[in-house]
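Chemist: File data_26.cif below, mmCIF, C-alpha atoms:
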```cif
data_run
loop_
_atom_site.label_atom_id
_atom_site.label_comp_id
_atom_site.auth_asym_id
_atom_site.auth_seq_id
_atom_site.Cartn_x
_atom_site.Cartn_y
_atom_site.Cartn_z
CA LYS A 1142 -20.12 -62.18 -2.31
CA ILE A 1143 -21.45 -62.28 1.27
CA LEU A 1144 -19.94 -65.72 1.77
CA GLY A 1145 -16.58 -64.47 0.48
CA CYS A 1146 -16.59 -61.58 2.95
CA THR A 1147 -17.51 -63.93 5.80
CA LEU A 1148 -14.34 -65.89 5.16
CA ALA A 1149 -12.22 -62.93 6.23
CA ARG A 1150 -13.97 -62.96 9.62
CA THR A 1151 -13.74 -66.73 10.12
CA ALA A 1152 -10.09 -66.96 9.11
CA LEU A 1153 -7.83 -67.93 11.98
CA PRO A 1154 -5.35 -65.30 13.15
CA ALA A 1155 -1.79 -66.51 12.65
CA GLU A 1156 -0.31 -67.40 16.07
CA ALA A 1157 3.18 -66.89 14.73
CA LYS A 1158 4.72 -65.32 11.69
CA ALA A 1159 5.57 -67.67 8.85
CA THR A 1160 9.17 -68.72 8.95
CA GLY A 1161 11.73 -68.91 6.18
CA ILE A 1162 11.20 -67.02 2.93
CA PHE A 1163 7.77 -65.73 4.00
CA SER A 1164 8.79 -64.26 7.37
CA SER A 1165 8.83 -60.67 6.05
CA PHE A 1166 5.18 -60.62 4.96
CA ASN A 1167 1.93 -60.18 6.88
CA ARG A 1168 0.03 -62.53 4.59
CA VAL A 1169 1.01 -64.64 1.59
CA LEU A 1170 -2.01 -64.68 -0.72
CA VAL A 1171 -2.10 -67.26 -3.49
CA ASN A 1172 -4.87 -66.48 -5.96
CA ASP A 1173 -6.09 -68.80 -8.73
CA SER A 1174 -9.23 -70.06 -10.44
CA THR A 1175 -10.81 -73.30 -11.52
CA LYS A 1176 -13.68 -74.11 -13.90
CA LEU A 1177 -16.71 -76.20 -12.95
CA ALA A 1178 -19.04 -77.89 -15.42
CA LEU A 1179 -22.76 -77.71 -14.69
CA PRO A 1180 -25.77 -79.58 -16.14
CA LYS A 1181 -26.00 -78.69 -19.84
CA LYS A 1182 -29.58 -77.49 -19.57
CA LEU A 1183 -28.27 -74.50 -17.58
CA ALA A 1184 -26.15 -73.23 -20.48
CA SER A 1185 -28.48 -70.27 -21.03
CA TYR A 1186 -27.85 -69.13 -17.44
CA PHE A 1187 -24.19 -70.15 -17.16
CA PRO A 1188 -22.78 -70.10 -20.71
CA GLY A 1189 -19.48 -71.93 -21.12
CA SER A 1190 -17.33 -73.21 -23.95
CA CYS A 1191 -18.70 -74.91 -27.05
CA ASN A 1192 -18.07 -78.56 -27.93
CA GLN A 1193 -17.14 -79.94 -31.35
CA THR A 1194 -20.74 -79.70 -32.51
CA ARG A 1195 -20.82 -76.03 -31.43
CA LYS A 1196 -23.32 -76.82 -28.71
CA GLN A 1197 -22.70 -74.64 -25.68
CA ASN A 1198 -21.85 -76.20 -22.34
CA ALA A 1199 -22.76 -74.80 -18.92
CA MET A 1200 -19.78 -73.71 -16.82
CA ILE A 1201 -18.75 -71.31 -14.07
CA SER A 1202 -15.43 -69.96 -12.85
CA LEU A 1203 -14.47 -70.11 -9.18
CA GLN A 1204 -11.85 -67.61 -7.98
CA ALA A 1205 -10.15 -68.48 -4.67
CA THR A 1206 -7.51 -66.79 -2.52
CA VAL A 1207 -5.61 -68.74 0.14
CA ASP A 1208 -3.37 -67.25 2.84
CA LEU A 1209 -0.37 -69.52 3.39
CA VAL A 1210 0.49 -67.84 6.71
CA SER A 1211 -2.79 -68.58 8.52
CA GLU A 1212 -3.53 -71.59 6.28
CA THR A 1213 -7.03 -70.34 5.57
CA LEU A 1214 -9.25 -69.56 2.62
CA ILE A 1215 -9.50 -65.76 2.58
CA ASP A 1216 -11.86 -65.09 -0.30
CA PHE A 1217 -13.69 -66.70 -3.18
CA THR A 1218 -16.19 -65.62 -5.79
CA ILE A 1219 -18.38 -67.50 -8.25
CA ASN A 1220 -18.26 -65.89 -11.68
CA PRO A 1221 -19.45 -66.59 -15.23
CA TYR A 1222 -17.11 -68.73 -17.33
CA THR A 1223 -16.39 -65.65 -19.47
CA TYR A 1224 -15.00 -63.80 -16.43
CA ASN A 1225 -11.42 -64.90 -17.06
CA ASP A 1226 -8.36 -64.42 -14.85
CA GLN A 1227 -7.26 -61.24 -16.59
CA ARG A 1228 -10.62 -59.60 -15.93
CA ALA A 1229 -10.45 -60.83 -12.33
CA ALA A 1230 -6.90 -59.50 -11.79
CA PRO A 1231 -7.96 -56.17 -10.19
CA ASP A 1232 -10.29 -57.91 -7.71
CA ILE A 1233 -7.35 -58.73 -5.42
CA LEU A 1234 -6.96 -54.99 -4.72
CA GLU A 1235 -10.12 -55.07 -2.59
CA ILE A 1236 -8.65 -57.49 -0.04
CA ILE A 1237 -4.91 -56.76 0.13
CA SER A 1238 -3.19 -54.67 2.79
CA ALA A 1239 0.28 -53.20 3.23
CA GLY A 1240 2.86 -55.93 3.79
CA ASP A 1241 0.92 -58.65 1.95
CA LEU A 1242 2.51 -60.78 -0.78
CA ILE A 1243 0.38 -61.85 -3.76
CA ILE A 1244 1.42 -64.88 -5.84
CA ARG A 1245 -0.44 -65.49 -9.13
CA ASP A 1246 0.17 -67.09 -12.51
CA LEU A 1247 0.35 -65.63 -16.01
CA GLY A 1248 -3.41 -65.41 -16.45
CA TYR A 1249 -3.49 -62.46 -14.03
CA PHE A 1250 -0.64 -60.55 -15.70
CA VAL A 1251 -1.92 -56.96 -15.87
CA PRO A 1252 0.74 -54.22 -15.48
CA ARG A 1253 -1.64 -51.62 -14.04
CA VAL A 1254 -2.56 -54.07 -11.27
CA PHE A 1255 1.13 -54.48 -10.41
CA ARG A 1256 1.33 -50.69 -10.12
CA ALA A 1257 -1.73 -50.63 -7.83
CA ILE A 1258 -0.22 -53.35 -5.61
CA ILE A 1259 2.96 -51.28 -5.26
CA ASP A 1260 0.87 -48.21 -4.38
CA LYS A 1261 -0.78 -50.22 -1.60
CA LEU A 1262 2.70 -51.00 -0.17
CA ALA A 1263 2.19 -54.69 -0.89
CA TYR A 1264 4.27 -57.17 -2.90
CA PHE A 1265 3.64 -59.37 -5.94
CA LEU A 1266 5.24 -62.39 -7.56
CA SER A 1267 4.41 -63.43 -11.12
CA ARG A 1268 5.91 -65.05 -14.17
CA TYR A 1269 6.88 -62.67 -16.92
CA HIS A 1270 4.46 -62.48 -19.84
CA TYR A 1271 6.31 -62.77 -23.12
CA GLY A 1272 5.87 -59.74 -25.35
CA THR A 1273 5.64 -57.19 -22.54
CA ASP A 1274 8.26 -54.50 -23.15
CA LEU A 1275 11.18 -54.18 -20.73
CA PHE A 1276 13.40 -51.10 -20.37
CA ASP A 1277 16.64 -50.31 -18.55
CA ALA A 1278 17.26 -47.34 -16.27
CA ASN A 1279 18.09 -45.16 -19.29
CA GLY A 1280 14.79 -45.93 -21.02
CA LYS A 1281 16.38 -48.24 -23.59
CA LYS A 1282 14.38 -51.31 -24.60
CA ILE A 1283 15.92 -54.55 -23.38
CA ASN A 1284 16.58 -57.54 -25.60
CA LEU A 1285 16.08 -60.15 -22.91
CA LEU A 1286 17.12 -63.19 -24.92
CA ALA A 1287 20.37 -61.52 -26.01
CA ILE A 1288 21.22 -60.75 -22.37
CA LEU A 1289 20.39 -64.25 -21.16
CA LYS A 1290 22.66 -65.81 -23.77
CA LYS A 1291 25.59 -63.98 -22.17
CA THR A 1292 24.91 -64.86 -18.54
CA PRO A 1293 24.10 -68.07 -16.63
CA ALA A 1294 21.30 -66.30 -14.70
CA LEU A 1295 19.87 -62.81 -14.34
CA ASP A 1296 18.70 -60.75 -11.37
CA GLN A 1297 18.20 -57.04 -12.03
CA TRP A 1298 15.69 -54.21 -11.73
CA VAL A 1299 14.01 -53.14 -14.96
CA TYR A 1300 10.97 -51.14 -16.04
CA LEU A 1301 7.90 -53.06 -17.21
CA GLY A 1302 5.53 -51.82 -19.90
CA LYS A 1303 5.91 -49.22 -22.62
CA GLU A 1304 3.41 -46.84 -21.04
CA ALA A 1305 3.40 -47.68 -17.33
CA LYS A 1306 7.17 -48.12 -16.84
CA ILE A 1307 6.69 -50.07 -13.60
CA PRO A 1308 9.90 -50.82 -11.65
CA VAL A 1309 10.15 -54.59 -11.18
CA ARG A 1310 12.83 -57.04 -10.20
CA LEU A 1311 13.35 -59.52 -13.01
CA VAL A 1312 14.82 -62.91 -12.15
CA ALA A 1313 15.67 -65.44 -14.88
CA ILE A 1314 16.98 -68.90 -13.97
CA PRO A 1315 17.82 -71.61 -16.54
CA ILE A 1316 15.73 -74.77 -16.47
CA PRO A 1317 16.65 -78.32 -17.58
CA GLU A 1318 16.77 -78.77 -21.35
CA LYS A 1319 14.15 -81.51 -21.18
CA THR A 1320 11.70 -79.11 -19.52
CA ALA A 1321 12.57 -76.35 -22.00
CA ASN A 1322 11.91 -78.67 -24.95
CA GLU A 1323 8.56 -79.66 -23.48
CA ARG A 1324 7.59 -75.99 -23.28
CA ARG A 1325 8.59 -75.49 -26.91
CA ARG A 1326 6.61 -78.56 -27.93
CA LYS A 1327 3.46 -77.15 -26.29
CA LEU A 1328 3.91 -73.78 -28.00
CA LEU A 1329 4.25 -75.42 -31.40
CA LYS A 1330 1.28 -77.67 -30.69
CA ASN A 1331 -0.85 -74.61 -29.91
CA LYS A 1332 0.25 -73.16 -33.25
CA LYS A 1333 -1.24 -76.15 -35.06
CA ARG A 1334 -4.59 -75.56 -33.32
CA ASP A 1335 -4.59 -71.81 -33.87
CA ARG A 1336 -2.47 -70.24 -36.61
CA ARG A 1337 -2.61 -66.89 -34.82
CA LEU A 1338 -0.35 -68.40 -32.17
CA ASN A 1339 2.94 -68.33 -34.00
CA PRO A 1340 5.94 -68.49 -31.63
CA GLY A 1341 9.12 -66.99 -33.08
CA LYS A 1342 12.76 -67.80 -32.36
CA GLU A 1343 12.87 -65.36 -29.45
CA GLN A 1344 9.88 -66.84 -27.65
CA LEU A 1345 11.11 -70.38 -28.23
CA GLY A 1346 14.55 -69.34 -26.98
CA LEU A 1347 13.15 -67.88 -23.75
CA CYS A 1348 11.58 -71.26 -22.99
CA GLY A 1349 14.98 -72.20 -21.58
CA TRP A 1350 14.46 -70.02 -18.51
CA ILE A 1351 11.91 -69.50 -15.79
CA ILE A 1352 11.43 -65.73 -15.83
CA ILE A 1353 9.77 -64.11 -12.83
CA ILE A 1354 8.97 -60.52 -11.93
CA SER A 1355 8.47 -59.14 -8.44
CA ASN A 1356 8.90 -56.04 -6.32
CA VAL A 1357 10.42 -57.95 -3.39
CA PRO A 1358 13.95 -56.50 -2.96
CA ASP A 1359 17.12 -58.58 -2.75
CA THR A 1360 17.47 -57.52 0.88
CA ILE A 1361 14.54 -59.85 1.59
CA TRP A 1362 14.94 -62.57 -1.04
CA THR A 1363 17.86 -64.07 -2.89
CA MET A 1364 17.44 -65.04 -6.52
CA GLN A 1365 16.80 -68.66 -5.50
CA ASP A 1366 14.23 -67.54 -2.92
CA VAL A 1367 12.26 -65.89 -5.72
CA SER A 1368 12.13 -69.15 -7.64
CA ASN A 1369 11.29 -71.24 -4.56
CA ALA A 1370 8.52 -68.87 -3.51
CA TYR A 1371 6.84 -68.99 -6.91
CA GLY A 1372 6.87 -72.78 -6.75
CA ILE A 1373 4.56 -72.58 -3.73
CA ARG A 1374 1.80 -71.35 -6.06
CA TRP A 1375 1.04 -74.95 -6.96
CA ARG A 1376 -0.39 -75.48 -3.46
CA ILE A 1377 -3.69 -73.91 -4.54
CA GLU A 1378 -3.86 -76.36 -7.46
CA ILE A 1379 -3.71 -79.17 -4.90
CA ILE A 1380 -6.54 -77.51 -2.96
CA PHE A 1381 -8.72 -77.38 -6.07
CA LYS A 1382 -8.03 -81.05 -6.78
CA ALA A 1383 -8.95 -81.94 -3.19
CA TRP A 1384 -12.24 -80.05 -3.52
CA LYS A 1385 -13.11 -81.87 -6.71
CA SER A 1386 -12.01 -85.30 -5.46
CA HIS A 1387 -13.26 -85.32 -1.86
CA PHE A 1388 -16.13 -82.81 -1.69
CA ASN A 1389 -18.10 -83.86 -4.80
CA PHE A 1390 -17.44 -80.47 -6.28
CA THR A 1391 -17.88 -81.63 -9.85
CA GLN A 1392 -21.07 -83.62 -9.29
CA PHE A 1393 -24.35 -81.79 -9.71
CA THR A 1394 -27.83 -83.21 -10.01
CA ASP A 1395 -29.86 -82.17 -13.03
CA GLY A 1396 -31.88 -79.62 -11.09
CA SER A 1397 -32.92 -76.03 -11.61
CA ARG A 1398 -30.60 -73.04 -11.67
CA GLU A 1399 -31.59 -72.12 -8.09
CA TYR A 1400 -31.05 -75.68 -6.85
CA VAL A 1401 -27.58 -75.91 -8.39
CA GLN A 1402 -26.59 -72.54 -6.90
CA ILE A 1403 -27.77 -73.58 -3.44
CA LEU A 1404 -25.94 -76.89 -3.70
CA LEU A 1405 -22.75 -75.11 -4.74
CA TYR A 1406 -22.89 -72.65 -1.85
CA VAL A 1407 -23.67 -75.38 0.67
CA ARG A 1408 -20.56 -77.29 -0.41
CA LEU A 1409 -18.44 -74.13 -0.18
CA ILE A 1410 -19.74 -73.42 3.33
CA PHE A 1411 -18.97 -77.00 4.35
CA ILE A 1412 -15.42 -76.63 3.02
CA VAL A 1413 -14.92 -73.43 5.04
CA LEU A 1414 -16.22 -75.04 8.24
CA PHE A 1415 -14.14 -78.15 7.64
CA GLN A 1416 -11.00 -76.12 7.02
CA VAL A 1417 -11.39 -73.92 10.11
CA THR A 1418 -12.08 -76.97 12.30
CA PHE A 1419 -9.19 -78.96 10.82
CA VAL A 1420 -6.65 -76.14 11.21
CA ARG A 1421 -7.65 -75.56 14.83
CA PHE A 1422 -7.47 -79.28 15.57
CA ASP A 1423 -4.08 -79.53 13.87
CA LYS A 1424 -2.73 -76.62 15.96
CA TRP A 1425 -4.13 -78.22 19.11
CA ILE A 1426 -2.39 -81.52 18.29
CA GLN A 1427 0.92 -79.73 17.74
CA GLN A 1428 0.68 -78.18 21.22
CA LEU A 1429 0.32 -81.55 22.95
#
```
Go ahead and render the structure in this file as structure tokens.
Modeler:
Amino acid sequence: KILGCTLARTALPAEAKATGIFSSFNRVLVNDSTKLALPKKLASYFPGSCNQTRKQNAMISLQATVDLVSETLIDFTINPYTYNDQRAAPDILEIISAGDLIIRDLGYFVPRVFRAIIDKLAYFLSRYHYGTDLFDANGKKINLLAILKKTPALDQWVYLGKEAKIPVRLVAIPIPEKTANERRRKLLKNKKRDRRLNPGKEQLGLCGWIIIISNVPDTIWTMQDVSNAYGIRWRIEIIFKAWKSHFNFTQFTDGSREYVQILLYVRLIFIVLFQVTFVRFDKWIQQL
């Protein structure tokens, strides 16, 4: 936790506002998580998933938040494997300020957190979670698939959640049929693994669109800007892959719990120092 707070102080101040679609925001915070496997003998301290023989593995979850404006790592926490993204969703409220934009994936979809972000005068961008009720201005429940069948694309304000009734901008853009079919194939494959996952015609039909919710008004973003901005979320996936590939983040010696924790923190500190130095050097090169 101390290391995570230190990041906020070591982060470089942005010398200039981000240009393009992010020019209206103070910070653009992309938040995501990744799982790390540890030596199996530590399963009692860091319980993870079970293998085919029902023997428990040792795993942890690493939550990271990157600011795309200053190009710095703002915050990260090391959590138990069981501390999933939905449980971690409210944690972002501790570090956001007015004018920030938060971009996260479906795992963090919690309506009350969206409400809290709005109350903090900040912005969010997320994919719509199927099954969450939508209502029009008159309080009537929306049949999203029926609407999308009548229009090539959709961009309108609706109310999210049966209880919360949170005002959100819903943007739906059709995707290539090949991509839509791949989504449907994955849903049906999940059904074979778990019979409780039983996608109906409506859910399979909505696979033909990318559906995004936000509170960024159309005076700031066009419908296409919404889609383009959400695509930037994949940058943090690249960061995680770089950590695992170039910083030995997945390699741990078979030591004690304390040794593994120290090794993990040392690597995280090295990444922070490397990033700060690299960004400063890159800015210096650009000024030459």
Chemist: Run through the PyMOL selection byres ((chain A and resi 1377) around 8) on the given coordinates and return the selected residues as an MDAnalysis selection string.
Modeler: chainID A and resid 1171:1173 1207 1374:1376 1378:1381
Chemist: A:Leu1203, A:Pro1308, A:Leu1234, A:Lys1196: which is nearest A:Ala1263, counting only C-alpha atoms?
Modeler: A:Leu1234
Chemist: Which residues match the PyMOL selection byres ((chain A and resi 1298) around 8) in the file above, as a tab-separated table (two decimals) with C-alpha atoms, in the frame of the given file?
Modeler:
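Okay, out-v8.tsv is ready:
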```
chain	number	residue	atom	x	y	z
A	1277	ASP	CA	16.64	-50.31	-18.55
A	1296	ASP	CA	18.70	-60.75	-11.37
A	1297	GLN	CA	18.20	-57.04	-12.03
A	1299	VAL	CA	14.01	-53.14	-14.96
A	1300	TYR	CA	10.97	-51.14	-16.04
A	1308	PRO	CA	9.90	-50.82	-11.65
A	1309	VAL	CA	10.15	-54.59	-11.18
A	1310	ARG	CA	12.83	-57.04	-10.20
A	1311	LEU	CA	13.35	-59.52	-13.01
```
Chemist: Using all atoms listed in the file, can you tell me which of A:Val1169, A:Asp1260, A:Tyr1400, A:Asn1322 comes closest to A:Glu1212?
Modeler: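 Residue with the minimum atom-to-atom distance to A:Glu1212: A:Val1169.
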Chemist: Write out as a list in words which residues come within 7 Å of A:Gln1204 when counting only C-alpha atoms, dropping same-chain ones fewer than 4 positions away.
Modeler: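 Non-adjacent residues within range: Asp1173, Ser1174, Thr1175, Phe1217, Thr1218 and Ile1219 of chain A.
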Chemist: Which residues, written as a list in words, have at least one atom at most 9 Å from A:Lys1303, with all atoms listed in the file counted and residues fewer than 6 positions away on the same chain left out?
Modeler: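 So, after excluding close chain neighbours, the residues are Thr1273, Asp1274, Leu1275, Phe1276 and Lys1282 of chain A.
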Chemist: Expressed in Å to a single decimal, how great is the separation between atom CA of A:Ile1353 and atom CA of A:Ser1165?
Modeler: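 Interatomic distance here is 19.2 Å.
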Chemist: Need to verify the contact set: A:Lys1342, 12 Å, all atoms listed in the file, exclusion of same-chain residues closer than 2 positions in sequence. Can you return it as a list in words?
Modeler: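 Near neighbours after the sequence-gap exclusion: Leu1286, Ala1287, Arg1325, Leu1328, Leu1329, Asn1339, Pro1340, Gln1344, Leu1345, Gly1346, Leu1347, Cys1348 and Gly1349 of chain A.
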